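Structure first, commentary second.
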Amino acid sequence: MHLGRSAAVVVLSAALASSFAAQQPAPTSGLDPGRFDRTVRPQDDLFRHVNGGWLATTEIPAEFPVYGSFVELSEKVEADLYALIEELAGTPDKRPGSTAQQVGDLFASFVDQTRLDQLGAAPLRPRLQAIDRLADAAGFASLAGRLSRLGLPGPVGAFVNADAGDPNRVILYLFQAGTALPDRDYYLEDTPQFRAVRQRYVEYLTRVFTLVGRPAAEADARAVLALETALAGIQWTQVESRDAIKTYNKMTFAALADRAPGFDWRAWADAQGLPDTEIVVAQPSFFEGFAKLVPETPIATWRAWLAAQLITVRAPLLAEDFDAAEFEMFDRTLSGQQVRRQRWKRGVQLVNSTMGEALGQLYVERHFPPSAKARMDAMIGHLIEAYRQSITELDWMTPETRKQALAKLAAFSPKIAYPPKWRDYSTLRVEAGDLVGSVERASEFEHDFQVRKLSRPPDRDEWLMTPQTINAYYNAVKNEIVFPAAILQPPFFNVEADDAVNYGAIGAVIGHEIGHGFDDQGRRFDGDGRLRDWWTPADEAEFEKRAALLVEQFSAYSPAPGLTVNGELTLGENIGDLGGLAIAHRAWTIALGGRPSPVIDGLTGDQRFFMGWAQAWRLKARDEYLRRQVLADPHAPAEFRANGPLGNIPAFYEAFGVTPGDRLYR
């Protein structure tokens with residue numbers, strides 16, 4: 001089980017607006033005309049008009065299943081982190097527990113392929129032996145709990161967060177797990193593509209079971225597939241699991257045991273040091289079905305299933321045979337990636353995922369300019385003001401609901417670049433040459449860090465992403481929006497560029513995250529982060545009517561033959577994109593303060609704004625990746641995120657003269 005995901009009111013003032021105007025950057029466009037395709041009209045396909053040249057000349061590198069603006073920026077940040085790791089590794093003072101010792105030894109242990117090949121399966125032996133000693137269902141729960149504390153996914157997953165029913169306390173959330181393939185459809189759909197994936201999964205398990213010396217490797221592999229197919233059959237769909245109301249089921253472990261007998265939930269919790277407190281169970285029927293399967297399934301099958309989880313999670317830390325097998329199954333087969341990434345890059349990923357804030361503190365000191373934070377603060381102020389104006393002007397929202405919506409907006413807590421305090425990793429024990437042991441101890445370290453939160457009030461200063469992450473998020477139970485330092489770079493944020501492109505890119509990203517507070521699920525939480533119904537029935541009906549149109553629009557998109565976007569699954573992100581882009585345009589207008597926007601490179605400010613949005617979504621993906629994304633990802637493919645909102649925004653029509661007959665006209 002991986003335990004993981006004061007309110008600031010941004011106030012605009014005349015002084016802030018004046019200061020922002022005085023700091024306007026030199027008027028360069030921030031766009032890259034060399035990547036345009038001028039044979040494609042922006043009125044028909046803005047995504048390809050802005051990115052078509054790049055799409056035509058760029059091959060997805062063999063080491064990636066998907067490539068584009070996010071990945072390009074990630075590679076830049078990765079190189080920056082590698083330089084920091086090398087610098088730490090070269091530090092003379094390597095006292096135990098120092099960041100230099102931990103980072104240096106962990107990275108060196110991972111890149112030493114020669115030693116890993118010499119060790120073979122030896123690092124797994126103690127855990128495999130414990131699994132082989134499992135005699136009955138009574139011991140299964142305790143062993144599954146111990147392995148979950150070491151970083152295995154287990155039968156159910158968990159995370160710690162503020163309680164949606166009472167945001168002033170912290171609670172444990174449990175959700176369905178138990179399957180290795182990306183979505184239940186990979187097990188249940190009877191198509192040639194999915195049958196081929198299942199056959200390759202059996203071949204993969206047979207291969208790794210043989211490597212660790214299991215005598216009935218193929219039979220065990222088929223038993224694991226059959227068990228995971230049964231688990232997939234009782235899992236909720238991705239759409240069902242998005243529902244904030246249906247997935248909030250508060251109970252005690254004792255109540256869960258009464259509801260889902262057959263699995264010793266208390267023994268499972270005790271093995272992880274989980275207190276006997278209330279929990280939230282996301283998909284109760286899955287828990288009931290899983291618990292019923294435990295005594296009905298031969299213990300030999302559960303042993304094989306636990307062994308499969310252990311080997312799969314640890315394979316990248318083992319000898320070449322294990323690493324290659326895991327890559328072939330989970331990267332090449334499922335995502336279309338052609339070759340493994342260079343070992344130093346994967347070493348950076350390991351260190352980053354293990355000691356993220358330690359690296360993040362150094363990254364911010366070295367690579368994040370304070371001036372960028374000041375610009376972002378001003379931009380967020382304009383965006384919140386734009387949302388305030390928009391909510392105030394909604395002609396379909398009643399005064400009662402509008403008052404609550406404005407109160408929620410006023411309570412938003414924006415967090416920019418990096419947290420105000422950093423985590424202490426000094427008690428984490430990393431040993432040179434003991435890669436698997438170090439990673440296990442790191443999993444225990446993180447697990448125990450999360451469990452300790454259950455006895456404390458929510459930490460309002462804590463971040464759920466590191467500063468070097470190319471992403472952003474909205475946390476509903478804390479009503480906060482968070483923007484790490486690393487995403488505040490081109491093509492999302494360019495300190496050298498005219499602000500039209502910046503508002504179209506990072507401004508729309510900020511607007512997107514604010515918009516999650518009012519999407520189909522975020523709107524169910526109030527300004528304090530409490531899950532409660534604050535909408536009048538009439539307003540809810542109007543919201544649902546508009547949301548249904550967006551579901552219909554995106555469900556008509558097809559990224560590849562035989563694939564269609566799931567408009568219900570992607571609804572929250574599509575609302576975020578539409579609202580974020582529309583509000584970002586209004587915020588940019590506010591930022592102009594009545595001044596005209598200059599024409600740069602022959603483009604008006606409005607045109608540059610929307611082209612900045614499209615440029616941010618520059619991306620190509622392999623077919624395997626697209627199939628996986630459409631089934632399991634709540635985000636639509638990039639071209640639809642770029643083009644989809646445009647036909648619903650009047651300012652886009654005005655910027656490019658869109659008329660009936662143009663493809664983006666709605």
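By convention in this document, the chains of the structure tokens carry letters A, B, ... by their order, each chain's residues are numbered from 1, and ligands are numbered from 1 in the order they are shown.
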
Can you tell me, as a tab-separated table (two decimals) with C-alpha atoms, in the first residue's frame, what residues are no more than 9 Å from range 562-568 of chain A when counting only C-alpha atoms, ignoring any on the same chain fewer than 6 positions away?
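Result written to out_14.tsv:
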```
chain	number	residue	atom	x	y	z
A	239	VAL	CA	-16.01	6.74	-14.25
A	548	ALA	CA	-23.76	16.85	-20.60
A	550	LEU	CA	-19.26	18.70	-22.91
A	551	VAL	CA	-19.53	14.93	-22.41
A	552	GLU	CA	-21.22	14.67	-25.80
A	553	GLN	CA	-18.60	16.87	-27.49
A	554	PHE	CA	-15.59	14.92	-26.24
A	555	SER	CA	-17.17	11.50	-26.68
A	556	ALA	CA	-17.21	12.22	-30.42
A	574	ASN	CA	-12.40	19.09	-19.82
A	626	LEU	CA	-3.19	6.31	-26.67
A	627	ARG	CA	-5.17	3.12	-26.06
A	630	VAL	CA	-8.27	6.55	-23.41
A	631	LEU	CA	-9.15	3.65	-21.11
A	634	PRO	CA	-9.08	11.19	-16.95
A	636	ALA	CA	-8.17	13.54	-23.07
A	637	PRO	CA	-5.37	13.25	-25.68
```

| field | Shell around range 355-367 of chain A at 9 Å using only C-alpha atoms, local window under 2 positions removed, as a PyMOL selection string | value | chain A and resi 77+80-81+84-85+99+102-103+350-353+369+417-418+422-425+442+465-468+485-486

Can those selected residues be exported to a file as a PDB file, in the first residue's frame so that it contains C-alpha atoms?
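Dumped to again_9.pdb:
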```
ATOM      1  CA  VAL A  77      14.768  19.338 -15.332  1.00  0.00           C
ATOM      2  CA  ASP A  80      19.476  19.751 -13.857  1.00  0.00           C
ATOM      3  CA  LEU A  81      18.799  17.128 -11.179  1.00  0.00           C
ATOM      4  CA  LEU A  84      22.914  18.173  -8.541  1.00  0.00           C
ATOM      5  CA  ILE A  85      23.224  14.424  -7.842  1.00  0.00           C
ATOM      6  CA  THR A  99      21.921  14.161   1.891  1.00  0.00           C
ATOM      7  CA  GLN A 102      22.069   9.123   0.874  1.00  0.00           C
ATOM      8  CA  VAL A 103      21.781  10.504  -2.645  1.00  0.00           C
ATOM      9  CA  LEU A 350      14.698   6.739  -8.455  1.00  0.00           C
ATOM     10  CA  VAL A 351      16.485   9.310  -6.310  1.00  0.00           C
ATOM     11  CA  ASN A 352      13.858  11.905  -7.156  1.00  0.00           C
ATOM     12  CA  SER A 353      10.995   9.616  -6.145  1.00  0.00           C
ATOM     13  CA  PRO A 369      14.423  32.969  -9.987  1.00  0.00           C
ATOM     14  CA  ALA A 417       7.102  27.264  -6.605  1.00  0.00           C
ATOM     15  CA  TYR A 418       8.064  25.462  -3.373  1.00  0.00           C
ATOM     16  CA  TRP A 422      11.359  21.039   3.809  1.00  0.00           C
ATOM     17  CA  ARG A 423      11.227  17.404   4.890  1.00  0.00           C
ATOM     18  CA  ASP A 424      13.973  15.889   7.010  1.00  0.00           C
ATOM     19  CA  TYR A 425      15.363  12.636   5.550  1.00  0.00           C
ATOM     20  CA  ALA A 442      12.654   4.234   1.874  1.00  0.00           C
ATOM     21  CA  MET A 465       4.275  17.410  -5.395  1.00  0.00           C
ATOM     22  CA  THR A 466       7.938  18.309  -5.362  1.00  0.00           C
ATOM     23  CA  PRO A 467       9.083  21.680  -6.754  1.00  0.00           C
ATOM     24  CA  GLN A 468      10.845  19.926  -9.662  1.00  0.00           C
ATOM     25  CA  ALA A 485       8.692  25.729  -9.700  1.00  0.00           C
ATOM     26  CA  ALA A 486       9.649  23.460 -12.609  1.00  0.00           C
TER      27      ALA A 486
END
```

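Taking only C-alpha atoms into account, Trp268 in chain A lies nearest to A:Ala144 out of the set A:Leu306, A:Leu181, A:Val160, A:Ala144.
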
| task | Find, counting only C-alpha atoms, the residue in A:Gly572, A:Gly507, A:Gly433, A:Pro33 that gets nearest to Gly602 in chain A. | result |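 For Gly602 in chain A, the nearest of the given residues is A:Pro33.
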
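One distance worth recording is that between CA of Met611 in chain A and CA of Leu383 in chain A, which is 18.9 Å.
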
| message | Report, in Å with one decimal, the straight-line distance from CA of Asn161 in chain A to CA of Lys250 in chain A. | response |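 Pair CA of Asn161 in chain A / CA of Lys250 in chain A returns 13.6 Å.
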
| said: When you look at range 608-610 of chain A with a cut-off of 12 Å (counting only C-alpha atoms), what residues show up, excluding the ones that are within fewer than 4 positions of it in the same chain? I need them as a PyMOL selection string. | reply: chain A and resi 27-33+42-43+45-47+49-50+492+497-508+581-582+584-589+597-604+614-617+642-643+645-647+649-656

| Where does DSSP see helix (DSSP H, G or I) in range 431-557 of chain A, if you list the residues as a ChimeraX atom specification? | /A:435-455,485-487,499-516,522-524,537-555
